[in-house]
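Colleague: One structure is given below, represented as structure tokens, and several questions about it will come after.
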Amino acid sequence: MANLPPKIISVEKLKLLGSKNIGSILEIDKLTLEASTLTVVLGPNGAGKSLFLHLLQGLILPTEGRITFNNEIPIKPTYSMISIVTQKPRFLRKSVENNIKFVLKLNNTYSHKNLLDVIERFELSAQRELLANKLSGGEKQRLALALAICKDPSILLLDEPTASADPQTTLMIEKILSEESSLGKKLILVTHDIAQAKRLGQDIIFIYKGRIIEQKTVTSFFEKPEKKESIQFLSGEITL
Amino acid sequence: MLRFKYPIYLLLSFLIPSLTFGGEILLQSTTSTNNSGFYGYILPKFKDETGLSVKVVAVGTGQAIKNAENCDADILIVHAKKAEEKFVANGGGIKRYDLMYNDFVVVGPDADPAQIQQTKTISEALTYISRVQPSFISRGDNSGTHKKELELWGKVPISVKEYSGKWYKETGSGMGTTLNIAAELDAYTISDRATWLTFKNKKALRILFEGDPLLFNQYGVALVNPEKCPKTKTKKAKKFLNWLLSENGQSEIENYTVNGIQLFYPNAIK
Amino acid sequence: MSVFLEAFSTAFNLIVSLDTSLLEIVWLSIKISISSLIIASLFGFPIGALLAMKSFGGRALIITIFNSMMGMPPVVVGLVVYLMVSRSGPLGWLEILYTPYAMIIAQVILIFPIIVALSTQILEELHKEYEDIFKIFSVPPRTAVITYIFDSKDALLTIFLAGFGRAISEVGAVIIVGGNIDHATRVMTTTIALETSKGDLPLALALGIILLGLSLIVNLIATKIKSGTTGGING
């Protein structure tokens, strides 16, 4: 199962309860995603976007319901065909180079050439000897993306991958995301940057207060939002 | 992984030779005999004659007797006759023998504020101290010396217990530690002669009173009772006991000197 | 002041003359402390790792207990071990009282909580950092364990040093269970206590200086190991 790239991701009757009876913090009755597009997840802070990605990766497990890939439940907790770039990426206490080497070796794709290719592609040559945890915000996001891609996943989850990047890095990351998308990978991108959503996204999921309000193509979402929360969000009445 | 080889080797090299350990006679002894180097002199002589080795644990008399009562000894050499007799009577030991003696001395600061140098008897000397009330350091550890000291204070019309923590200070420590404290505080104390002679941190302390027959310090020896403690090496320990009490052993005790001064006087009754 | 000068010259003389009884004492101290350290680590690290990475009922209580046991007075440990291994105690049949074994047992009890508590702290922090990475990249358990050890090796070395320092410097426990027997259980600290009680303060201090020098050498070696490995990390 894990070897075949999934075509469809489905979520059914998913419920995640928060601690201390605050009710469900994320509830998705039914959601189907085509596994070939770049999906952008939009929504204000605290809407549950990050939780949604963590659930897809299997880092947290739902209280109820299930997530399937091609109608199959993946083996927990490590979904080998998915990888994630979290908001605050964590690294091994090793150099940039050794972090990449570690993941390549795990993936059985390590060679010196591959290592150099990755370093070059993510423009980390100058940082290669530095400790990963000592990098700047933008450098960390580049490295996190590099590691996620080294795993060679068919689904790539991205939680605000350009949040702390400068314009140049943002451009570079976006270029890589487009490349990965065009290779047939499924990308699910959480972002606060509406312009970025428009540039990269093919379809949109709008989450508000732990519920999916709308799921549409990018064009129709931005041009003809239907629900009042979406309209308020786009007009800036619901702040980010 | 190579890095871990050495500590493991160390551990093994340590454990293996130690497995052959355990044939020695275990002696619980008062510190004065050990610290004065007495055993360092006498045990090799015993070993030469018999081939047997003795391990010495040196603690205060009270502690030594307690350890022997717990069967953690084969033989006991201490200096508190009453306690030794009680130990035997309670079944801890077989029989107690006189081994040797020396005496206790009263030491104090050179200036002698209590003027005990003028006194003729120990009770007079302690009476002077109780009047002037300079610092007096007591062992306070239930040792042979401590028991002796309390016995001597019994001849004075005051109760030192009432002054505990004031001028009468109980250290609860060995003779050496007590002498260190006395030297530091310019205080009086009572010591056995052997420890005093070999003690190196005298500072202003010196002997201010000696020679009263009441200051007699008798050392006794007793075997631990194998009926109570089946694991004792009674046969070997008995050889040691007999040797100590023999003419040979007694004359070796007599021969032991520190800086030309004899420390112990043999007085075993044949 | 003269005591200090005398102590330094005594220490110097003892070292340059390679005094055999001193060597015997130093060697025994090292052997006992390293043996205790190895045994305590063998049990302490896995337990520390377990406490750091697994959550179960009573975990916080156990950690608190180990933390407070770090400050256990050595004499109390010595007394308890003495009562256990005394010929009249429950483990009297082992006949190890007044042998290096009893001293090792006492030291293991003393440093085991240090190893557990400190390794729990260090591995807990590392685990927080690594937990998600290991999940995301499907790291096999074997690789995970090796990575944990490798990436915390500096901190683990510090724990070793803390344990070794406690073991080699304590006197209260080993003097009770070892008995400070010449040529059998006499170690550096008990010799220092003995010489102090004999009033030979310069000799006692000289031994203290040698003990300090020994700690210094051990720490220098540890620092050397640290700086020697950080250069060539291989994930």
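Ordered as shown in the structure tokens, chains take letters A, B, and onward, while each chain numbers its residues from 1 and ligands are numbered from 1 in the order shown.
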Would you list the contacts of Asn70 (chain A) as a list in words, taking every protein, DNA or RNA residue within 7 Å and counting only C-alpha atoms, but skipping same-chain residues closer than 2 positions in sequence?
Modeller: Pro6, Lys7, Ile8, Ile9, Thr68 and Glu72 of chain A
Colleague: Specify as number ranges by chain all residues of chain B found within 8 Å of chain C, counting only C-alpha atoms.
Modeller: B: 7, 10-11, 14, 35, 55-58, 70-72, 174-177, 179-180, 195, 198-202, 229, 231
Colleague: Identify, on the basis of only C-alpha atoms, every residue whose closest approach to Ala204 (chain B) does not exceed 10 Å; exclude the query and any residue fewer than 4 positions from it along the same chain; express the result as a list in words.
Modeller: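 Counting only C-alpha atoms, the residues come to Val107, Gly108, Pro109, Asp110, Ala111, Ala182, Ala183, Glu184, Leu185, Asp186 and Ala187 of chain B.
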Colleague: Can you tell me, as a short mmCIF file (atom, residue, chain, number, x, y, z; two decimals) with N, CA and C atoms, in the first residue's frame, what residues are no more than 9 Å from Asp29 (chain A) when counting only C-alpha atoms, ignoring any on the same chain fewer than 5 positions away?
Modeller:
```cif
data_model
loop_
_atom_site.label_atom_id
_atom_site.label_comp_id
_atom_site.auth_asym_id
_atom_site.auth_seq_id
_atom_site.Cartn_x
_atom_site.Cartn_y
_atom_site.Cartn_z
N VAL A 11 -11.21 11.69 4.17
CA VAL A 11 -11.38 11.86 5.60
C VAL A 11 -12.85 11.64 5.90
N GLU A 12 -13.11 10.77 6.89
CA GLU A 12 -14.51 10.48 7.20
C GLU A 12 -14.77 10.61 8.69
N LYS A 13 -15.82 11.37 8.99
CA LYS A 13 -16.30 11.50 10.38
C LYS A 13 -15.16 11.71 11.37
N LEU A 14 -14.25 12.56 10.96
CA LEU A 14 -13.06 12.76 11.79
C LEU A 14 -13.37 13.74 12.92
N LYS A 15 -12.92 13.37 14.12
CA LYS A 15 -13.17 14.24 15.27
C LYS A 15 -11.93 14.21 16.15
N GLY A 65 -13.18 8.63 13.92
CA GLY A 65 -13.11 8.74 12.46
C GLY A 65 -11.80 8.26 11.90
N ARG A 211 -13.74 23.65 11.56
CA ARG A 211 -14.65 23.04 10.58
C ARG A 211 -14.23 23.47 9.18
N ILE A 212 -14.45 22.58 8.21
CA ILE A 212 -14.19 22.99 6.84
C ILE A 212 -15.41 23.75 6.32
#
```
Colleague: Tell me the residues of chain C close to chain A, meaning within 12 Å using only C-alpha atoms, as number ranges by chain.
Modeller: C: 125-144, 147-154, 230-235
Colleague: Using the selection just defined, write its residues with C-alpha atoms as a PDB file, in the first residue's frame.
Modeller:
```pdb
ATOM      1  CA  GLU C 125      15.005  17.251  26.303  1.00  0.00           C
ATOM      2  CA  LEU C 126      16.535  15.423  23.367  1.00  0.00           C
ATOM      3  CA  HIS C 127      13.445  13.263  23.016  1.00  0.00           C
ATOM      4  CA  LYS C 128      11.231  16.353  22.717  1.00  0.00           C
ATOM      5  CA  GLU C 129      13.406  17.520  19.845  1.00  0.00           C
ATOM      6  CA  TYR C 130      13.679  14.169  18.120  1.00  0.00           C
ATOM      7  CA  GLU C 131      10.317  12.512  18.711  1.00  0.00           C
ATOM      8  CA  ASP C 132       8.607  14.008  15.660  1.00  0.00           C
ATOM      9  CA  ILE C 133      11.649  13.752  13.403  1.00  0.00           C
ATOM     10  CA  PHE C 134      11.925  10.064  14.151  1.00  0.00           C
ATOM     11  CA  LYS C 135       8.227   9.571  13.421  1.00  0.00           C
ATOM     12  CA  ILE C 136       8.248  11.597  10.223  1.00  0.00           C
ATOM     13  CA  PHE C 137      11.273   9.822   8.823  1.00  0.00           C
ATOM     14  CA  SER C 138      10.275   6.359  10.067  1.00  0.00           C
ATOM     15  CA  VAL C 139      13.535   5.922  11.931  1.00  0.00           C
ATOM     16  CA  PRO C 140      13.993   2.286  12.960  1.00  0.00           C
ATOM     17  CA  PRO C 141      14.412   1.746  16.726  1.00  0.00           C
ATOM     18  CA  ARG C 142      18.051   0.672  16.434  1.00  0.00           C
ATOM     19  CA  THR C 143      19.017   3.796  14.533  1.00  0.00           C
ATOM     20  CA  ALA C 144      16.988   5.873  16.995  1.00  0.00           C
ATOM     21  CA  THR C 147      21.307   8.523  17.382  1.00  0.00           C
ATOM     22  CA  TYR C 148      20.117   9.326  20.896  1.00  0.00           C
ATOM     23  CA  ILE C 149      23.368   8.095  22.391  1.00  0.00           C
ATOM     24  CA  PHE C 150      25.537   9.698  19.764  1.00  0.00           C
ATOM     25  CA  ASP C 151      23.861  13.086  19.852  1.00  0.00           C
ATOM     26  CA  SER C 152      23.842  13.325  23.631  1.00  0.00           C
ATOM     27  CA  LYS C 153      27.322  11.941  24.131  1.00  0.00           C
ATOM     28  CA  ASP C 154      28.777  15.177  25.484  1.00  0.00           C
ATOM     29  CA  THR C 230      32.637  16.674  17.716  1.00  0.00           C
ATOM     30  CA  GLY C 231      34.743  17.239  14.616  1.00  0.00           C
ATOM     31  CA  GLY C 232      33.840  14.068  12.814  1.00  0.00           C
ATOM     32  CA  ILE C 233      30.180  13.419  13.458  1.00  0.00           C
ATOM     33  CA  ASN C 234      28.727  10.911  11.143  1.00  0.00           C
ATOM     34  CA  GLY C 235      24.945  10.601  11.158  1.00  0.00           C
TER      35      GLY C 235
END
```
Colleague: Please compute the CA of Ala73 (chain B)-CA of Asn142 (chain B) distance, one decimal, in Å.
Modeller: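 One can read the CA of Ala73 (chain B) to CA of Asn142 (chain B) distance as 19.0 Å.
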Colleague: Set the distance at 12 Å and use only C-alpha atoms: which residues neighbour Pro167 (chain A) once local chain neighbours fewer than 6 positions away are removed? I'd like the list as a PyMOL selection string.
Modeller: chain A and resi 138+173-174+196
Colleague: Fewer than 3 positions away in the same chain doesn't count, so skip those; otherwise give me all residues within 9 Å of Ala52 (chain C), counting only C-alpha atoms, as a PyMOL selection string.
Modeller: chain C and resi 47-49+55+119-125+127
Colleague: Could those selected residues go to a file with C-alpha atoms, as a PDB file, in the first residue's frame?
Modeller:
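The new file out08.pdb reads:
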```pdb
ATOM      1  CA  ILE C  47      16.140   3.489  33.340  1.00  0.00           C
ATOM      2  CA  GLY C  48      16.851   7.151  32.630  1.00  0.00           C
ATOM      3  CA  ALA C  49      15.972   6.603  28.972  1.00  0.00           C
ATOM      4  CA  SER C  55       4.817   8.175  29.967  1.00  0.00           C
ATOM      5  CA  SER C 119      20.166  11.100  32.019  1.00  0.00           C
ATOM      6  CA  THR C 120      16.393  11.470  32.360  1.00  0.00           C
ATOM      7  CA  GLN C 121      16.753  15.246  32.149  1.00  0.00           C
ATOM      8  CA  ILE C 122      19.090  15.152  29.190  1.00  0.00           C
ATOM      9  CA  LEU C 123      17.277  12.480  27.213  1.00  0.00           C
ATOM     10  CA  GLU C 124      13.887  14.029  27.927  1.00  0.00           C
ATOM     11  CA  GLU C 125      15.005  17.251  26.303  1.00  0.00           C
ATOM     12  CA  HIS C 127      13.445  13.263  23.016  1.00  0.00           C
TER      13      HIS C 127
END
```
Colleague: What does the structure give for the distance between CA of Ser10 (chain A) and CA of Lys88 (chain A), in Å to one decimal?
Modeller: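 So the two atoms, CA of Ser10 (chain A) and CA of Lys88 (chain A), lie 26.8 Å apart.
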Colleague: Separation of CA of Tyr219 (chain B) and CA of Tyr101 (chain B), in Å?
Modeller: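 Separation of CA of Tyr219 (chain B) and CA of Tyr101 (chain B): 5.5 Å.
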Colleague: Would you please give, as a PyMOL selection string, all residues of region 155-229 of chain C that DSSP assigns to alpha helix (DSSP H) based on the backbone?
Modeller: chain C and resi 155-169+172-178+188-197+201-229
Colleague: Write the residues you've just listed into a file as a CSV table (one decimal), in the first residue's frame, and include C-alpha atoms for each of them.
Modeller:
```
chain,number,residue,atom,x,y,z
C,155,ALA,CA,26.0,15.4,28.1
C,156,LEU,CA,26.3,11.7,28.9
C,157,LEU,CA,30.1,12.2,29.4
C,158,THR,CA,29.3,15.0,31.8
C,159,ILE,CA,27.0,12.5,33.7
C,160,PHE,CA,29.8,10.0,33.8
C,161,LEU,CA,32.1,12.7,35.3
C,162,ALA,CA,29.5,13.7,37.9
C,163,GLY,CA,29.1,10.1,38.9
C,164,PHE,CA,32.8,9.4,39.0
C,165,GLY,CA,33.4,12.6,40.9
C,166,ARG,CA,30.9,11.6,43.6
C,167,ALA,CA,32.2,8.1,43.8
C,168,ILE,CA,35.9,8.9,44.1
C,169,SER,CA,35.4,11.8,46.5
C,172,GLY,CA,31.3,8.4,54.6
C,173,ALA,CA,30.0,5.2,52.9
C,174,VAL,CA,33.3,3.5,52.0
C,175,ILE,CA,34.8,3.9,55.5
C,176,ILE,CA,31.9,2.1,57.1
C,177,VAL,CA,31.6,-0.8,54.7
C,178,GLY,CA,35.2,-1.0,53.7
C,188,MET,CA,42.3,8.0,49.0
C,189,THR,CA,39.4,9.5,51.0
C,190,THR,CA,39.6,7.1,53.9
C,191,THR,CA,43.4,7.7,54.0
C,192,ILE,CA,42.8,11.4,54.2
C,193,ALA,CA,40.3,10.9,57.1
C,194,LEU,CA,42.8,8.6,58.8
C,195,GLU,CA,45.8,11.0,58.5
C,196,THR,CA,43.6,13.9,59.6
C,197,SER,CA,42.7,11.9,62.8
C,201,LEU,CA,47.5,17.5,58.4
C,202,PRO,CA,50.2,18.1,55.8
C,203,LEU,CA,50.1,14.5,54.6
C,204,ALA,CA,46.2,14.6,54.6
C,205,LEU,CA,46.3,17.7,52.6
C,206,ALA,CA,48.9,16.3,50.2
C,207,LEU,CA,46.6,13.4,49.6
C,208,GLY,CA,43.8,15.8,49.0
C,209,ILE,CA,46.0,17.6,46.4
C,210,ILE,CA,46.7,14.3,44.7
C,211,LEU,CA,43.0,13.5,44.6
C,212,LEU,CA,42.3,16.8,43.1
C,213,GLY,CA,45.0,16.2,40.5
C,214,LEU,CA,43.4,12.9,39.7
C,215,SER,CA,40.0,14.5,39.1
C,216,LEU,CA,41.7,17.1,36.9
C,217,ILE,CA,43.3,14.4,34.8
C,218,VAL,CA,40.0,12.5,34.4
C,219,ASN,CA,38.3,15.7,33.4
C,220,LEU,CA,41.0,16.6,30.9
C,221,ILE,CA,40.7,13.2,29.3
C,222,ALA,CA,37.0,13.7,29.1
C,223,THR,CA,37.4,17.1,27.5
C,224,LYS,CA,39.8,15.6,25.1
C,225,ILE,CA,37.3,12.9,24.1
C,226,LYS,CA,34.6,15.6,23.6
C,227,SER,CA,36.7,17.8,21.4
C,228,GLY,CA,38.0,14.8,19.6
C,229,THR,CA,34.6,13.5,18.5
```
Colleague: So, with only C-alpha atoms as the atoms that count, which of A:Ile204, A:Leu16, A:Leu177, A:Ala126 lies closest to Leu61 (chain A)?
Modeller: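 The closest residue to Leu61 (chain A) is A:Leu16.
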Colleague: Restrict the calculation to only C-alpha atoms, then for each residue of region 67-167 of chain B with any atom at most 10 Å from an atom of region 233-238 of chain B give the closest atom pair and their distance in Å to one decimal, rows by chain and rising residue number, as a tab-separated table.
Modeller:
```
residue	atom	partner	partner_atom	distance
B:Ala73	CA	B:Lys233	CA	8.9
B:Asp74	CA	B:Lys233	CA	6.0
B:Ile75	CA	B:Ala237	CA	6.2
B:Leu76	CA	B:Ala237	CA	9.7
```
Colleague: Write out, as a short mmCIF file (atom, residue, chain, number, x, y, z; two decimals), in the first residue's frame, the residues just selected, with N, CA and C atoms.
Modeller:
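Writing done, so here's part_12.cif:
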```
data_model
loop_
_atom_site.label_atom_id
_atom_site.label_comp_id
_atom_site.auth_asym_id
_atom_site.auth_seq_id
_atom_site.Cartn_x
_atom_site.Cartn_y
_atom_site.Cartn_z
N ALA B 73 33.49 -9.70 63.12
CA ALA B 73 34.84 -9.80 63.63
C ALA B 73 35.10 -11.24 64.02
N ASP B 74 36.41 -11.59 64.05
CA ASP B 74 36.80 -12.89 64.59
C ASP B 74 37.39 -12.71 65.98
N ILE B 75 37.99 -11.53 66.18
CA ILE B 75 38.66 -11.26 67.44
C ILE B 75 38.58 -9.76 67.70
N LEU B 76 38.66 -9.41 68.99
CA LEU B 76 38.40 -8.03 69.41
C LEU B 76 39.52 -7.56 70.34
#
```
Colleague: What lies within 8 Å of Lys216 (chain A) using only C-alpha atoms, ignoring chain neighbours under 5 positions off, as an mmCIF file with C-alpha atoms, in the first residue's frame?
Modeller:
```
data_model
loop_
_atom_site.group_PDB
_atom_site.id
_atom_site.type_symbol
_atom_site.label_atom_id
_atom_site.label_comp_id
_atom_site.auth_asym_id
_atom_site.auth_seq_id
_atom_site.Cartn_x
_atom_site.Cartn_y
_atom_site.Cartn_z
ATOM 1 C CA ASP A 203 -7.742 24.113 -4.984
ATOM 2 C CA ILE A 204 -8.526 25.627 -1.619
ATOM 3 C CA ILE A 205 -9.811 24.345 1.694
ATOM 4 C CA PHE A 221 -12.932 30.552 -4.082
#
```
Colleague: Based on DSSP run over this structure's backbone, return all residues of region 7-205 of chain B in strand (DSSP E or B), as a ChimeraX atom specification.
Modeller: /B:25-30,54-59,75-78,93-109,136-138,164,168-170,188-192,205
Colleague: Save out the residues we just selected, N, CA and C atoms, as a short mmCIF file (atom, residue, chain, number, x, y, z; two decimals), in the first residue's frame.
Modeller:
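Output file again.cif is given in full below:
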```cif
data_model
loop_
_atom_site.label_atom_id
_atom_site.label_comp_id
_atom_site.auth_asym_id
_atom_site.auth_seq_id
_atom_site.Cartn_x
_atom_site.Cartn_y
_atom_site.Cartn_z
N ILE B 25 42.19 -13.23 59.16
CA ILE B 25 41.51 -13.07 60.45
C ILE B 25 41.03 -11.62 60.51
N LEU B 26 39.79 -11.43 60.95
CA LEU B 26 39.24 -10.07 61.01
C LEU B 26 39.28 -9.56 62.45
N LEU B 27 40.03 -8.50 62.64
CA LEU B 27 40.21 -7.94 63.99
C LEU B 27 39.48 -6.60 64.08
N GLN B 28 38.58 -6.49 65.04
CA GLN B 28 37.98 -5.19 65.35
C GLN B 28 38.79 -4.60 66.49
N SER B 29 39.27 -3.39 66.28
CA SER B 29 40.21 -2.86 67.26
C SER B 29 39.92 -1.41 67.55
N THR B 30 40.39 -0.96 68.68
CA THR B 30 40.33 0.45 69.00
C THR B 30 41.33 1.21 68.12
N VAL B 54 46.15 -10.83 59.21
CA VAL B 54 45.07 -10.25 60.01
C VAL B 54 44.65 -8.94 59.34
N LYS B 55 43.33 -8.77 59.18
CA LYS B 55 42.81 -7.49 58.69
C LYS B 55 42.31 -6.70 59.88
N VAL B 56 42.68 -5.42 59.94
CA VAL B 56 42.30 -4.62 61.09
C VAL B 56 41.26 -3.58 60.71
N VAL B 57 40.15 -3.58 61.41
CA VAL B 57 39.19 -2.49 61.29
C VAL B 57 39.31 -1.68 62.57
N ALA B 58 39.73 -0.41 62.43
CA ALA B 58 39.98 0.39 63.62
C ALA B 58 38.87 1.41 63.81
N VAL B 59 38.11 1.24 64.87
CA VAL B 59 37.04 2.17 65.21
C VAL B 59 37.07 2.38 66.72
N ILE B 75 37.99 -11.53 66.18
CA ILE B 75 38.66 -11.26 67.44
C ILE B 75 38.58 -9.76 67.70
N LEU B 76 38.66 -9.41 68.99
CA LEU B 76 38.40 -8.03 69.41
C LEU B 76 39.52 -7.56 70.34
N ILE B 77 40.09 -6.40 70.05
CA ILE B 77 41.05 -5.81 70.99
C ILE B 77 40.60 -4.38 71.30
N VAL B 78 40.18 -4.15 72.54
CA VAL B 78 39.67 -2.83 72.92
C VAL B 78 40.15 -2.49 74.33
N GLY B 93 31.30 -12.93 73.09
CA GLY B 93 32.68 -13.40 73.08
C GLY B 93 32.84 -14.64 73.94
N ILE B 94 33.99 -15.33 73.79
CA ILE B 94 34.21 -16.55 74.57
C ILE B 94 34.76 -16.22 75.95
N LYS B 95 35.89 -15.53 75.96
CA LYS B 95 36.52 -15.19 77.24
C LYS B 95 37.39 -13.97 77.02
N ARG B 96 37.48 -13.10 78.01
CA ARG B 96 38.27 -11.89 77.88
C ARG B 96 39.60 -12.06 78.62
N TYR B 97 40.69 -11.65 77.98
CA TYR B 97 42.01 -11.72 78.61
C TYR B 97 42.62 -10.34 78.68
N ASP B 98 43.38 -10.08 79.76
CA ASP B 98 44.22 -8.87 79.78
C ASP B 98 45.31 -9.07 78.75
N LEU B 99 45.61 -8.02 77.99
CA LEU B 99 46.64 -8.15 76.96
C LEU B 99 47.84 -7.27 77.27
N MET B 100 47.58 -6.00 77.52
CA MET B 100 48.67 -5.05 77.74
C MET B 100 48.05 -3.79 78.31
N TYR B 101 48.87 -2.86 78.73
CA TYR B 101 48.33 -1.61 79.26
C TYR B 101 49.24 -0.46 78.89
N ASN B 102 48.71 0.72 79.00
CA ASN B 102 49.52 1.93 79.12
C ASN B 102 48.68 2.88 79.96
N ASP B 103 48.73 4.15 79.73
CA ASP B 103 47.93 5.02 80.59
C ASP B 103 47.33 6.18 79.80
N PHE B 104 46.39 6.81 80.47
CA PHE B 104 45.79 8.01 79.90
C PHE B 104 46.53 9.23 80.42
N VAL B 105 46.49 10.28 79.65
CA VAL B 105 47.12 11.53 80.09
C VAL B 105 46.11 12.66 79.89
N VAL B 106 46.22 13.68 80.71
CA VAL B 106 45.40 14.87 80.50
C VAL B 106 46.26 15.87 79.73
N VAL B 107 45.81 16.26 78.57
CA VAL B 107 46.57 17.26 77.82
C VAL B 107 45.77 18.56 77.79
N GLY B 108 46.48 19.64 77.60
CA GLY B 108 45.82 20.94 77.59
C GLY B 108 46.79 21.98 77.08
N PRO B 109 46.35 23.22 77.02
CA PRO B 109 47.22 24.28 76.49
C PRO B 109 48.39 24.54 77.42
N PHE B 136 36.82 22.04 77.72
CA PHE B 136 37.26 20.66 77.85
C PHE B 136 36.57 19.85 76.76
N ILE B 137 37.38 19.12 76.00
CA ILE B 137 36.80 18.38 74.87
C ILE B 137 36.66 16.91 75.25
N SER B 138 35.44 16.41 75.13
CA SER B 138 35.19 15.01 75.43
C SER B 138 34.97 14.25 74.14
N SER B 164 27.32 20.47 79.08
CA SER B 164 27.54 20.02 77.71
C SER B 164 27.15 21.10 76.71
N TYR B 168 32.10 22.27 78.43
CA TYR B 168 32.30 20.83 78.22
C TYR B 168 31.74 20.44 76.86
N LYS B 169 32.64 20.11 75.92
CA LYS B 169 32.20 19.92 74.54
C LYS B 169 32.40 18.48 74.10
N GLU B 170 31.32 17.84 73.69
CA GLU B 170 31.40 16.45 73.26
C GLU B 170 31.47 16.39 71.74
N TYR B 188 41.36 21.50 77.07
CA TYR B 188 41.85 20.31 77.75
C TYR B 188 41.14 19.08 77.17
N THR B 189 41.82 17.95 77.23
CA THR B 189 41.15 16.69 76.91
C THR B 189 41.94 15.55 77.52
N ILE B 190 41.32 14.38 77.52
CA ILE B 190 42.02 13.18 78.02
C ILE B 190 42.28 12.27 76.84
N SER B 191 43.53 11.82 76.71
CA SER B 191 43.89 10.95 75.59
C SER B 191 44.64 9.74 76.11
N ASP B 192 44.57 8.66 75.35
CA ASP B 192 45.45 7.55 75.66
C ASP B 192 46.85 7.93 75.22
N LEU B 205 49.36 22.25 72.60
CA LEU B 205 48.98 21.23 73.60
C LEU B 205 50.20 20.52 74.15
#
```
